[in-house]
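Data file: my_file09.txt. Format and content: compact mmCIF, C-alpha atoms and all ligand atoms.
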# COMPACT_ATOMS: atom_id res chain seq x y z
CA MET A 32 -24.44 -21.16 4.85
CA PRO A 33 -21.25 -20.88 6.95
CA LYS A 34 -21.01 -18.68 10.05
CA ASN A 35 -19.16 -15.43 9.44
CA GLN A 36 -17.16 -13.14 11.69
CA GLN A 37 -16.67 -9.45 10.96
CA VAL A 38 -14.76 -6.45 12.28
CA LEU A 39 -16.87 -3.28 12.30
CA LEU A 40 -15.89 0.34 12.77
CA ASP A 41 -17.60 0.97 16.11
CA ASN A 42 -16.64 4.63 16.70
CA ARG A 43 -14.32 7.22 15.16
CA PRO A 44 -10.84 7.94 16.57
CA GLU A 45 -10.04 11.15 18.37
CA GLY A 46 -6.36 11.63 17.56
CA GLU A 47 -4.59 8.25 17.48
CA ALA A 48 -6.67 5.26 16.45
CA THR A 49 -7.08 2.53 19.11
CA THR A 50 -8.38 -1.04 19.22
CA GLY A 51 -11.48 0.41 20.97
CA ASN A 52 -12.54 1.92 17.63
CA PHE A 53 -13.29 -1.58 16.30
CA LYS A 54 -15.76 -4.31 17.25
CA LEU A 55 -15.59 -8.04 16.42
CA VAL A 56 -19.03 -9.61 15.81
CA ASP A 57 -20.53 -12.91 14.68
CA ALA A 58 -22.77 -12.77 11.62
CA GLU A 59 -24.84 -14.96 9.35
CA THR A 60 -23.94 -15.47 5.71
CA PRO A 61 -26.97 -14.70 3.53
CA ALA A 62 -28.17 -17.18 0.90
CA LEU A 63 -26.97 -16.37 -2.63
CA ALA A 64 -29.16 -14.72 -5.26
CA ASP A 65 -28.60 -15.24 -8.99
CA GLY A 66 -25.35 -13.62 -10.16
CA GLN A 67 -23.77 -13.81 -6.70
CA VAL A 68 -20.83 -15.82 -5.38
CA LEU A 69 -19.64 -16.64 -1.86
CA VAL A 70 -15.94 -15.97 -1.33
CA ARG A 71 -14.00 -17.46 1.57
CA HIS A 72 -11.21 -15.02 2.31
CA HIS A 73 -7.72 -16.46 2.69
CA TYR A 74 -5.98 -13.14 3.34
CA MET A 75 -7.13 -9.60 3.89
CA SER A 76 -5.05 -6.52 3.32
CA LEU A 77 -4.30 -3.84 5.90
CA ASP A 78 -3.42 -0.52 4.30
CA PRO A 79 -2.50 2.93 5.59
CA TYR A 80 -5.39 4.58 3.65
CA MET A 81 -7.85 2.87 5.99
CA ARG A 82 -6.81 5.25 8.76
CA GLY A 83 -8.00 8.28 6.78
CA ARG A 84 -11.36 6.68 6.10
CA MET A 85 -11.94 6.12 9.81
CA ASN A 86 -12.33 9.92 10.10
CA GLU A 87 -15.47 11.80 9.18
CA SER A 88 -13.52 14.45 7.24
CA LYS A 89 -13.96 15.20 3.55
CA SER A 90 -11.54 13.31 1.33
CA TYR A 91 -11.26 11.78 -2.13
CA ALA A 92 -13.23 8.75 -0.81
CA GLN A 93 -16.32 8.49 1.39
CA PRO A 94 -15.54 7.81 5.08
CA GLN A 95 -15.87 4.25 6.32
CA PRO A 96 -19.50 4.07 7.59
CA LEU A 97 -19.90 3.51 11.33
CA GLY A 98 -21.30 0.14 12.43
CA GLN A 99 -20.37 -1.51 9.13
CA VAL A 100 -17.67 -3.99 8.11
CA MET A 101 -14.28 -2.32 7.69
CA GLN A 102 -13.67 -2.04 3.98
CA GLY A 103 -10.55 -3.47 2.40
CA GLY A 104 -8.94 -5.72 -0.18
CA THR A 105 -9.15 -9.51 0.11
CA VAL A 106 -8.00 -12.62 -1.73
CA GLY A 107 -9.77 -15.91 -1.46
CA GLU A 108 -11.58 -18.77 -3.07
CA ILE A 109 -15.08 -19.19 -4.47
CA VAL A 110 -16.90 -21.67 -2.22
CA GLU A 111 -20.36 -21.30 -3.75
CA SER A 112 -21.41 -19.79 -7.06
CA ARG A 113 -24.59 -18.69 -8.79
CA HIS A 114 -22.66 -16.94 -11.55
CA PRO A 115 -21.73 -18.68 -14.81
CA ARG A 116 -18.21 -17.19 -15.02
CA TYR A 117 -17.13 -18.29 -11.52
CA ALA A 118 -16.69 -21.87 -10.37
CA VAL A 119 -16.10 -23.29 -6.91
CA GLY A 120 -12.34 -23.32 -6.32
CA ASP A 121 -11.55 -20.23 -8.43
CA LYS A 122 -9.05 -17.91 -6.72
CA VAL A 123 -10.13 -14.29 -6.73
CA VAL A 124 -9.06 -10.86 -5.57
CA GLY A 125 -11.76 -8.45 -4.45
CA PHE A 126 -12.81 -5.90 -1.86
CA GLY A 127 -14.47 -8.16 0.67
CA GLY A 128 -13.55 -6.25 3.84
CA TRP A 129 -12.54 -7.36 7.33
CA GLN A 130 -14.51 -10.60 7.52
CA ASN A 131 -14.09 -14.31 6.81
CA TYR A 132 -16.60 -14.51 3.97
CA SER A 133 -18.19 -12.09 1.54
CA VAL A 134 -21.15 -12.36 -0.79
CA VAL A 135 -20.25 -10.63 -4.04
CA ASP A 136 -22.46 -9.57 -6.91
CA ALA A 137 -20.10 -10.79 -9.62
CA ASN A 138 -21.88 -8.79 -12.35
CA VAL A 139 -20.68 -5.50 -10.90
CA PRO A 140 -17.66 -4.43 -13.00
CA GLY A 141 -14.42 -4.58 -11.01
CA SER A 142 -15.96 -6.43 -8.06
CA LEU A 143 -13.86 -9.57 -8.53
CA ARG A 144 -10.85 -10.60 -10.57
CA LYS A 145 -9.74 -14.20 -11.09
CA VAL A 146 -6.04 -14.71 -10.45
CA ASP A 147 -3.52 -17.35 -11.45
CA THR A 148 -1.47 -18.70 -8.55
CA THR A 149 0.85 -20.88 -10.66
CA HIS A 150 3.80 -18.47 -10.44
CA VAL A 151 2.57 -15.81 -8.02
CA PRO A 152 1.37 -16.76 -4.51
CA LEU A 153 -2.20 -15.72 -3.76
CA SER A 154 -1.21 -13.25 -1.01
CA HIS A 155 0.98 -11.21 -3.40
CA TYR A 156 -2.15 -10.12 -5.25
CA LEU A 157 -2.80 -7.83 -2.28
CA GLY A 158 0.75 -6.47 -2.38
CA ALA A 159 3.38 -6.42 -5.11
CA VAL A 160 0.99 -7.71 -7.81
CA GLY A 161 -1.96 -5.72 -6.51
CA MET A 162 -2.95 -2.23 -5.46
CA PRO A 163 0.36 -1.29 -3.73
CA GLY A 164 2.43 -2.50 -6.69
CA VAL A 165 0.31 -0.56 -9.18
CA THR A 166 0.67 2.50 -6.93
CA ALA A 167 4.46 2.28 -7.20
CA TRP A 168 4.20 1.76 -10.96
CA TYR A 169 1.93 4.77 -11.50
CA GLY A 170 4.07 7.18 -9.50
CA LEU A 171 7.25 5.99 -11.13
CA VAL A 172 6.14 5.68 -14.74
CA LYS A 173 3.51 8.41 -15.05
CA ILE A 174 4.80 11.09 -12.66
CA ILE A 175 8.55 10.64 -12.13
CA ALA A 176 9.00 9.31 -15.70
CA PRO A 177 12.67 8.46 -15.17
CA LYS A 178 15.52 8.13 -17.64
CA ALA A 179 18.20 5.46 -17.19
CA GLY A 180 20.89 6.85 -14.91
CA ASP A 181 18.52 9.09 -12.91
CA THR A 182 18.82 9.00 -9.12
CA LEU A 183 15.52 8.19 -7.44
CA VAL A 184 14.62 8.12 -3.74
CA VAL A 185 11.66 6.44 -2.05
CA SER A 186 10.55 6.61 1.59
CA ALA A 187 8.99 3.68 3.50
CA ALA A 188 11.25 1.70 1.18
CA SER A 189 10.82 -1.72 2.79
CA GLY A 190 7.01 -1.58 2.61
CA ALA A 191 4.52 -2.85 0.08
CA VAL A 192 4.71 0.19 -2.21
CA GLY A 193 8.37 1.06 -1.58
CA SER A 194 9.70 -2.42 -2.34
CA ALA A 195 7.82 -2.59 -5.65
CA PHE A 196 9.05 0.89 -6.53
CA GLY A 197 12.66 -0.26 -6.08
CA ALA A 198 12.32 -3.23 -8.41
CA LEU A 199 10.52 -1.18 -11.08
CA ALA A 200 13.10 1.61 -10.90
CA LYS A 201 16.07 -0.78 -11.05
CA ALA A 202 14.49 -2.38 -14.14
CA ARG A 203 14.67 1.07 -15.77
CA GLY A 204 18.38 1.50 -15.07
CA CYS A 205 18.07 4.06 -12.27
CA ARG A 206 20.14 4.53 -9.14
CA VAL A 207 17.66 3.85 -6.32
CA VAL A 208 18.08 4.98 -2.74
CA GLY A 209 15.63 3.95 -0.03
CA ILE A 210 14.76 5.56 3.29
CA ALA A 211 13.48 3.21 6.00
CA GLY A 212 13.29 2.84 9.78
CA GLY A 213 15.90 0.64 11.46
CA PRO A 214 18.89 -1.51 10.52
CA ASP A 215 16.91 -4.67 9.67
CA LYS A 216 14.66 -2.88 7.20
CA CYS A 217 17.63 -1.07 5.64
CA ALA A 218 19.62 -4.33 5.29
CA TYR A 219 16.63 -5.97 3.57
CA VAL A 220 16.17 -3.01 1.21
CA GLN A 221 19.81 -3.14 0.10
CA ASP A 222 20.64 -6.84 0.26
CA GLU A 223 17.39 -8.48 -0.82
CA LEU A 224 15.56 -5.81 -2.79
CA GLY A 225 18.72 -4.67 -4.59
CA PHE A 226 18.51 -0.94 -3.86
CA ASP A 227 21.84 0.87 -4.28
CA GLU A 228 21.67 2.28 -0.76
CA CYS A 229 19.25 2.64 2.13
CA ILE A 230 19.30 5.35 4.78
CA ASP A 231 17.94 4.76 8.29
CA TYR A 232 15.91 7.88 9.16
CA LYS A 233 15.88 6.84 12.80
CA VAL A 234 19.67 7.23 12.90
CA HIS A 235 19.39 10.51 10.97
CA GLY A 236 16.54 11.92 13.01
CA ASP A 237 16.54 15.56 11.88
CA VAL A 238 16.51 17.42 8.57
CA LYS A 239 20.21 18.38 8.71
CA SER A 240 21.44 14.87 9.44
CA LEU A 241 19.10 13.16 6.94
CA SER A 242 19.91 15.59 4.17
CA ALA A 243 23.65 15.06 4.80
CA ALA A 244 23.11 11.28 4.53
CA LEU A 245 21.15 11.85 1.29
CA LYS A 246 23.97 13.98 -0.10
CA ALA A 247 26.42 11.12 0.48
CA ALA A 248 24.06 8.52 -1.02
CA CYS A 249 23.04 10.70 -3.99
CA PRO A 250 26.25 12.43 -5.12
CA ASP A 251 24.56 13.57 -8.36
CA GLY A 252 21.48 14.93 -6.55
CA ILE A 253 17.92 13.58 -6.66
CA ASP A 254 15.98 13.52 -9.94
CA GLY A 255 12.84 11.82 -8.68
CA TYR A 256 11.28 11.24 -5.28
CA PHE A 257 8.41 8.91 -4.39
CA GLU A 258 6.88 10.26 -1.18
CA ASN A 259 5.17 7.92 1.28
CA VAL A 260 5.84 9.63 4.59
CA GLY A 261 5.86 13.46 4.66
CA GLY A 262 7.23 15.84 7.30
CA MET A 263 10.91 15.78 8.15
CA VAL A 264 11.72 13.21 5.46
CA LEU A 265 10.22 15.35 2.68
CA ASP A 266 12.02 18.41 4.00
CA ALA A 267 15.37 16.64 3.89
CA VAL A 268 14.81 15.23 0.39
CA LEU A 269 13.79 18.63 -1.01
CA LEU A 270 17.19 20.04 -0.03
CA ARG A 271 18.94 17.48 -2.29
CA THR A 272 16.69 17.74 -5.37
CA ASN A 273 18.06 18.70 -8.76
CA ALA A 274 16.50 21.32 -11.01
CA PHE A 275 13.31 19.95 -12.63
CA ALA A 276 13.06 17.02 -10.20
CA ARG A 277 9.71 15.20 -10.09
CA ILE A 278 7.95 14.22 -6.88
CA ALA A 279 5.17 11.61 -6.87
CA LEU A 280 3.15 12.43 -3.76
CA CYS A 281 1.71 9.07 -2.83
CA GLY A 282 1.26 9.15 0.95
CA MET A 283 2.07 11.10 4.11
CA ILE A 284 1.77 8.42 6.75
CA ALA A 285 3.64 10.45 9.39
CA GLY A 286 0.52 12.64 9.64
CA TYR A 287 -2.30 10.07 9.41
CA ASP A 288 -2.97 10.09 13.16
CA GLY A 289 -3.25 13.88 13.14
CA ALA A 290 0.36 15.01 13.71
CA PRO A 291 1.20 18.26 11.86
CA LEU A 292 3.62 17.98 8.93
CA PRO A 293 5.45 21.29 8.75
CA LEU A 294 7.64 22.02 5.74
CA THR A 295 10.61 24.27 6.41
CA ASN A 296 12.05 24.40 2.90
CA PRO A 297 9.10 24.90 0.53
CA SER A 298 11.03 27.57 -1.42
CA VAL A 299 13.06 24.72 -2.95
CA LEU A 300 9.93 23.76 -4.91
CA LEU A 301 10.20 27.07 -6.73
CA ILE A 302 13.97 27.41 -6.90
CA ASN A 303 14.35 23.94 -8.42
CA ARG A 304 11.20 24.25 -10.61
CA ILE A 305 9.95 20.97 -9.13
CA LYS A 306 6.93 19.12 -10.42
CA LEU A 307 5.00 17.70 -7.47
CA GLU A 308 1.89 15.66 -8.20
CA GLY A 309 -0.40 13.84 -5.81
CA PHE A 310 -2.33 10.85 -7.11
CA ILE A 311 -4.81 8.16 -6.08
CA VAL A 312 -4.19 4.84 -7.77
CA SER A 313 -7.86 3.84 -7.98
CA GLU A 314 -8.48 6.84 -10.26
CA HIS A 315 -6.14 5.38 -12.89
CA MET A 316 -7.67 1.99 -13.62
CA GLU A 317 -6.47 2.29 -17.24
CA VAL A 318 -2.87 1.51 -16.22
CA TRP A 319 -3.64 -1.51 -14.03
CA PRO A 320 -3.35 -4.24 -16.71
CA GLU A 321 0.03 -2.99 -17.96
CA ALA A 322 1.34 -2.41 -14.43
CA LEU A 323 0.13 -5.79 -13.12
CA ALA A 324 1.70 -7.58 -16.08
CA GLU A 325 5.11 -6.03 -15.36
CA LEU A 326 4.83 -6.59 -11.60
CA GLY A 327 3.72 -10.22 -12.06
CA GLY A 328 6.75 -10.78 -14.29
CA LEU A 329 9.13 -9.29 -11.73
CA VAL A 330 7.73 -11.51 -8.96
CA ALA A 331 7.59 -14.67 -11.09
CA SER A 332 11.22 -14.16 -12.20
CA GLY A 333 12.42 -13.54 -8.63
CA LYS A 334 13.54 -9.98 -9.41
CA LEU A 335 11.05 -8.72 -6.82
CA ARG A 336 10.89 -10.76 -3.64
CA PRO A 337 8.28 -8.99 -1.53
CA ARG A 338 8.24 -9.53 2.18
CA GLU A 339 5.05 -9.94 4.20
CA SER A 340 4.03 -9.42 7.83
CA VAL A 341 1.20 -11.85 8.53
CA ALA A 342 -1.15 -11.54 11.50
CA GLU A 343 -3.15 -14.68 12.29
CA GLY A 344 -6.94 -14.57 12.46
CA LEU A 345 -9.56 -11.86 12.12
CA ALA A 346 -9.39 -10.84 15.80
CA ALA A 347 -5.74 -9.83 15.30
CA ALA A 348 -6.61 -7.29 12.58
CA PRO A 349 -7.09 -4.12 14.69
CA GLN A 350 -3.78 -4.52 16.53
CA ALA A 351 -1.92 -5.34 13.32
CA PHE A 352 -3.45 -2.29 11.66
CA LEU A 353 -2.36 0.03 14.47
CA GLY A 354 1.13 -1.52 14.22
CA LEU A 355 1.24 -0.69 10.50
CA LEU A 356 0.73 2.98 11.32
CA LYS A 357 3.75 2.82 13.63
CA GLY A 358 6.08 0.90 11.32
CA LYS A 359 5.81 -2.40 13.22
CA ASN A 360 5.08 -4.19 9.94
CA PHE A 361 7.98 -5.39 7.82
CA GLY A 362 6.73 -5.52 4.24
CA LYS A 363 3.12 -5.93 3.16
CA GLN A 364 0.80 -6.24 6.18
CA LEU A 365 -1.74 -9.04 5.80
CA VAL A 366 -4.15 -10.96 7.99
CA LYS A 367 -4.33 -14.71 7.33
CA LEU A 368 -7.82 -16.06 7.78
CA ILE A 369 -7.50 -19.72 6.77
N1 LIG B 401 -1.94 7.42 -3.36
C1 LIG B 401 -2.36 6.17 -3.43
O1 LIG B 401 -3.18 5.81 -4.26
C2 LIG B 401 -1.79 5.17 -2.45
C3 LIG B 401 -2.03 3.80 -2.61
C4 LIG B 401 -1.42 2.91 -1.73
C5 LIG B 401 -0.62 3.37 -0.70
N2 LIG B 401 -0.44 4.72 -0.57
C6 LIG B 401 0.46 5.27 0.47
O2 LIG B 401 1.73 4.68 0.30
C7 LIG B 401 2.42 4.65 1.54
C8 LIG B 401 2.99 3.28 1.77
O3 LIG B 401 1.92 2.34 1.86
P1 LIG B 401 2.22 0.79 2.06
O4 LIG B 401 0.93 0.08 1.92
O5 LIG B 401 3.37 0.40 1.21
O6 LIG B 401 2.65 0.72 3.60
P2 LIG B 401 4.00 0.12 4.17
O7 LIG B 401 5.14 0.92 3.64
O8 LIG B 401 4.01 -1.35 3.93
O9 LIG B 401 3.84 0.38 5.72
C9 LIG B 401 3.85 1.66 6.22
C10 LIG B 401 5.29 2.07 6.58
O10 LIG B 401 5.34 3.47 6.76
C11 LIG B 401 6.43 3.79 7.60
N3 LIG B 401 6.03 4.78 8.59
C12 LIG B 401 5.00 4.75 9.44
N4 LIG B 401 4.98 5.85 10.21
C13 LIG B 401 6.04 6.59 9.84
C14 LIG B 401 6.54 7.83 10.27
N5 LIG B 401 5.95 8.55 11.24
N6 LIG B 401 7.64 8.31 9.68
C15 LIG B 401 8.23 7.60 8.71
N7 LIG B 401 7.79 6.41 8.24
C16 LIG B 401 6.70 5.91 8.82
C17 LIG B 401 6.83 2.50 8.30
O11 LIG B 401 8.07 2.08 7.76
P3 LIG B 401 9.45 2.47 8.50
O12 LIG B 401 9.58 1.53 9.65
O13 LIG B 401 10.44 2.32 7.44
O14 LIG B 401 9.27 3.87 8.99
C18 LIG B 401 5.74 1.54 7.93
O15 LIG B 401 6.21 0.22 7.86
C19 LIG B 401 1.41 5.13 2.59
O16 LIG B 401 1.64 6.48 2.84
C20 LIG B 401 0.08 4.93 1.90
O17 LIG B 401 -0.92 5.77 2.41
C21 LIG B 401 -1.02 5.62 -1.40
What does this structure look like when you write it as structure tokens?
Amino acid sequence: MPKNQQVLLDNRPEGEATTGNFKLVDAETPALADGQVLVRHHYMSLDPYMRGRMNESKSYAQPQPLGQVMQGGTVGEIVESRHPRYAVGDKVVGFGGWQNYSVVDANVPGSLRKVDTTHVPLSHYLGAVGMPGVTAWYGLVKIIAPKAGDTLVVSAASGAVGSAFGALAKARGCRVVGIAGGPDKCAYVQDELGFDECIDYKVHGDVKSLSAALKAACPDGIDGYFENVGGMVLDAVLLRTNAFARIALCGMIAGYDGAPLPLTNPSVLLINRIKLEGFIVSEHMEVWPEALAELGGLVASGKLRPRESVAEGLAAAPQAFLGLLKGKNFGKQLVKLI
């Protein structure tokens, strides 16, 4: 069996996460039992949710166990199989974690999914045509539930979730305004993703300035907001919401390293009779087939051209992950392993 390398969670962060929280180790690959397959990972996914799981605190998911392989999504290829439904060479998406190989019990429902790379590159199954894409779909379709002509806003607009949200919302005839950090990300959001406008929150660095920029970009007010960031950005958006606006509360990355996220205008929630709903995409597996079919179509037809930031090699994962939490990624953050 091939030699494996793994990244473990070595100790829990106090405040900001650091590379010292992780440990790179060599490992053996166990021999397969009946029903198991050996997957060689081509790419692994780095996602903001992983930061929350590094903490001990109570959450919707169990914390990442100490001394074990960092959990996370992977795409790869079957290199050995003792399962009748999987053949060597099959491309699969799974949850293999931060390592080069994983042994998967293919009988466990949801443990592996075969994917077709004819029209969609393998890596996109971790991004636009994977968990982040479905996240955008759920918040848009099930929570914001837009009508054509609505004005929608999304934060972290150039990222894995935000970019998919834009394409899905444009396909429904909405005006879509992004919020992102820096001129390059904003140019990409407008010129390549086809958003109507994109506001640079680093130029508009306080609530007053950002809400003025939102007023100019959303002259008819905001009907739906997809929240990825929290804090100042949410405050500014709230000030521009219309009556009965819907907010899909997807993420609050500005607070993942422990920074407080004060809200100075919560009364707007009442005054505008806003519906605000948090959600976790893995609790809505029933929508995945429909969402993935639409997202796959958008990518295959070129209507969604997702961007990727690719770190090379397993050892680069911790640094790339910390960069993701600071906005150093540009599009879906991946680690290429082969
Ligand atoms: N609820 C769910 O089930 C679910 C599932 C998947 C993802 N999520 C959430 O969705 C959000 C986006 O995830 P993603 O995978 O698409 O990541 P991403 O957008 O590809 O990358 C994260 C981006 O967040 C922005 N960011 C980081 N720190 C920030 C700060 N302090 N203030 C403002 N923006 C900041 C950065 O973009 P800028 O440079 O533009 O600031 C960074 O590139 C995250 O909050 C994540 O936790 C939730």
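Counting only C-alpha atoms, the residue from A:His73, A:Val146, A:Leu40, A:Met85 that sits nearest to Ala324 of chain A is A:Val146.
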Polymer residues at most 10 Å from Phe53 of chain A, only C-alpha atoms, same-chain spacing of 6 or more positions, as number ranges by chain: A: 38-44, 97-98, 100-101, 348-350
Contacts between ligand LIG 401 (chain B) and chain A, please, where a residue of chain A counts if it comes within 8 Å (with all atoms listed in the file); show its shortest atom pair and distance in Å to one decimal, rows by chain and ascending number, as a tab-separated table.
residue	atom	partner	partner_atom	distance
A:Leu77	CA	B:LIG401	O4	7.7
A:Asp78	CA	B:LIG401	O4	5.0
A:Pro79	CA	B:LIG401	O17	4.5
A:Tyr80	CA	B:LIG401	O17	4.8
A:Gly158	CA	B:LIG401	O4	7.8
A:Met162	CA	B:LIG401	C4	6.5
A:Pro163	CA	B:LIG401	C4	5.0
A:Thr166	CA	B:LIG401	C3	5.3
A:Ser186	CA	B:LIG401	N7	7.2
A:Ala187	CA	B:LIG401	O13	4.4
A:Ala188	CA	B:LIG401	O13	6.3
A:Ser189	CA	B:LIG401	O13	6.2
A:Gly190	CA	B:LIG401	O8	3.3
A:Ala191	CA	B:LIG401	O5	3.6
A:Val192	CA	B:LIG401	O5	3.7
A:Gly193	CA	B:LIG401	O5	5.8
A:Ser194	CA	B:LIG401	O5	7.8
A:Ile210	CA	B:LIG401	O13	6.8
A:Ala211	CA	B:LIG401	O13	3.5
A:Gly212	CA	B:LIG401	O13	3.7
A:Gly213	CA	B:LIG401	O12	6.6
A:Lys216	CA	B:LIG401	O13	6.7
A:Asp231	CA	B:LIG401	O13	7.9
A:Tyr232	CA	B:LIG401	C15	7.7
A:Glu258	CA	B:LIG401	O16	7.6
A:Asn259	CA	B:LIG401	O16	4.1
A:Val260	CA	B:LIG401	C15	5.2
A:Gly261	CA	B:LIG401	N6	7.4
A:Gly262	CA	B:LIG401	N6	7.9
A:Val264	CA	B:LIG401	C15	7.4
A:Leu280	CA	B:LIG401	N1	7.2
A:Cys281	CA	B:LIG401	N1	4.0
A:Gly282	CA	B:LIG401	O16	3.3
A:Met283	CA	B:LIG401	O16	4.8
A:Ile284	CA	B:LIG401	O16	4.4
A:Ala285	CA	B:LIG401	N5	3.5
A:Gly286	CA	B:LIG401	N5	7.0
A:Gly309	CA	B:LIG401	N1	7.0
A:Phe310	CA	B:LIG401	N1	5.1
A:Ile311	CA	B:LIG401	O1	3.4
A:Val312	CA	B:LIG401	O1	3.8
A:Ser313	CA	B:LIG401	O1	6.3
A:Leu355	CA	B:LIG401	C9	5.5
A:Leu356	CA	B:LIG401	C12	5.0
A:Lys357	CA	B:LIG401	N4	4.7
A:Gly358	CA	B:LIG401	C18	3.5
A:Lys359	CA	B:LIG401	O15	6.0
A:Asn360	CA	B:LIG401	O15	5.0
A:Phe361	CA	B:LIG401	O15	5.9
A:Gly362	CA	B:LIG401	O8	5.0
A:Lys363	CA	B:LIG401	O8	4.7
A:Gln364	CA	B:LIG401	O8	6.3
Arg82 of chain A surroundings by only C-alpha atoms, 8 Å radius, close-in-sequence under 4 positions cut, as a ChimeraX atom specification: /A:48,86,287-288
Two-atom distance - atom CA of Lys201 of chain A, atom CA of Leu300 of chain A (Å):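 Atom CA of Leu300 of chain A lies 26.0 Å from atom CA of Lys201 of chain A.
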Answer as a PyMOL selection string, residues within 10 Å of (9.7, -3.3, -8.9) using only C-alpha atoms: chain A and resi 159-160+164-165+167-168+171+192-203+224+325-330+334-337
Find the spatial neighbours of segment 172-183 of chain A, counting only C-alpha atoms, within a cut-off of 8 Å - ignore same-chain residues fewer than 5 positions away - and output them as a PDB file with C-alpha atoms, in the coordinates of the input.
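Contents of the output file part-v7.pdb:
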ATOM      1  CA  ALA A 200      13.100   1.610 -10.900  1.00  0.00           C
ATOM      2  CA  ARG A 203      14.670   1.070 -15.770  1.00  0.00           C
ATOM      3  CA  GLY A 204      18.380   1.500 -15.070  1.00  0.00           C
ATOM      4  CA  CYS A 205      18.070   4.060 -12.270  1.00  0.00           C
ATOM      5  CA  ARG A 206      20.140   4.530  -9.140  1.00  0.00           C
ATOM      6  CA  VAL A 207      17.660   3.850  -6.320  1.00  0.00           C
ATOM      7  CA  VAL A 208      18.080   4.980  -2.740  1.00  0.00           C
ATOM      8  CA  CYS A 249      23.040  10.700  -3.990  1.00  0.00           C
ATOM      9  CA  ASP A 251      24.560  13.570  -8.360  1.00  0.00           C
ATOM     10  CA  GLY A 252      21.480  14.930  -6.550  1.00  0.00           C
ATOM     11  CA  ILE A 253      17.920  13.580  -6.660  1.00  0.00           C
ATOM     12  CA  ASP A 254      15.980  13.520  -9.940  1.00  0.00           C
ATOM     13  CA  GLY A 255      12.840  11.820  -8.680  1.00  0.00           C
ATOM     14  CA  TYR A 256      11.280  11.240  -5.280  1.00  0.00           C
ATOM     15  CA  PHE A 257       8.410   8.910  -4.390  1.00  0.00           C
ATOM     16  CA  ARG A 277       9.710  15.200 -10.090  1.00  0.00           C
ATOM     17  CA  ILE A 278       7.950  14.220  -6.880  1.00  0.00           C
ATOM     18  CA  ALA A 279       5.170  11.610  -6.870  1.00  0.00           C
ATOM     19  CA  GLU A 308       1.890  15.660  -8.200  1.00  0.00           C
TER      20      GLU A 308
END
Which residue of A:Leu69, A:Leu292, A:Leu153, A:Met81 approaches Gln95 of chain A most closely, using only C-alpha atoms: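 The closest residue to Gln95 of chain A is A:Met81.
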Atom-to-atom span, atom CA of Glu223 of chain A and atom CA of Arg338 of chain A, Å: 9.7 Å
Computed interatomic separation between atom CA of Asp57 of chain A and atom CA of Glu339 of chain A (Å):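 That distance, rounded to one decimal, is 27.8 Å.
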Which residue of A:Ile305, A:Gly125, A:Thr49, A:Val184 approaches Leu157 of chain A most closely, using all atoms listed in the file: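 Closest to Leu157 of chain A, using all atoms listed in the file: A:Gly125.
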Counting only C-alpha atoms, the residue of A:Phe226, A:Phe126, A:Tyr132, A:Tyr91 that sits nearest Ile109 of chain A: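 Closest to Ile109 of chain A of all the choices is A:Tyr132.
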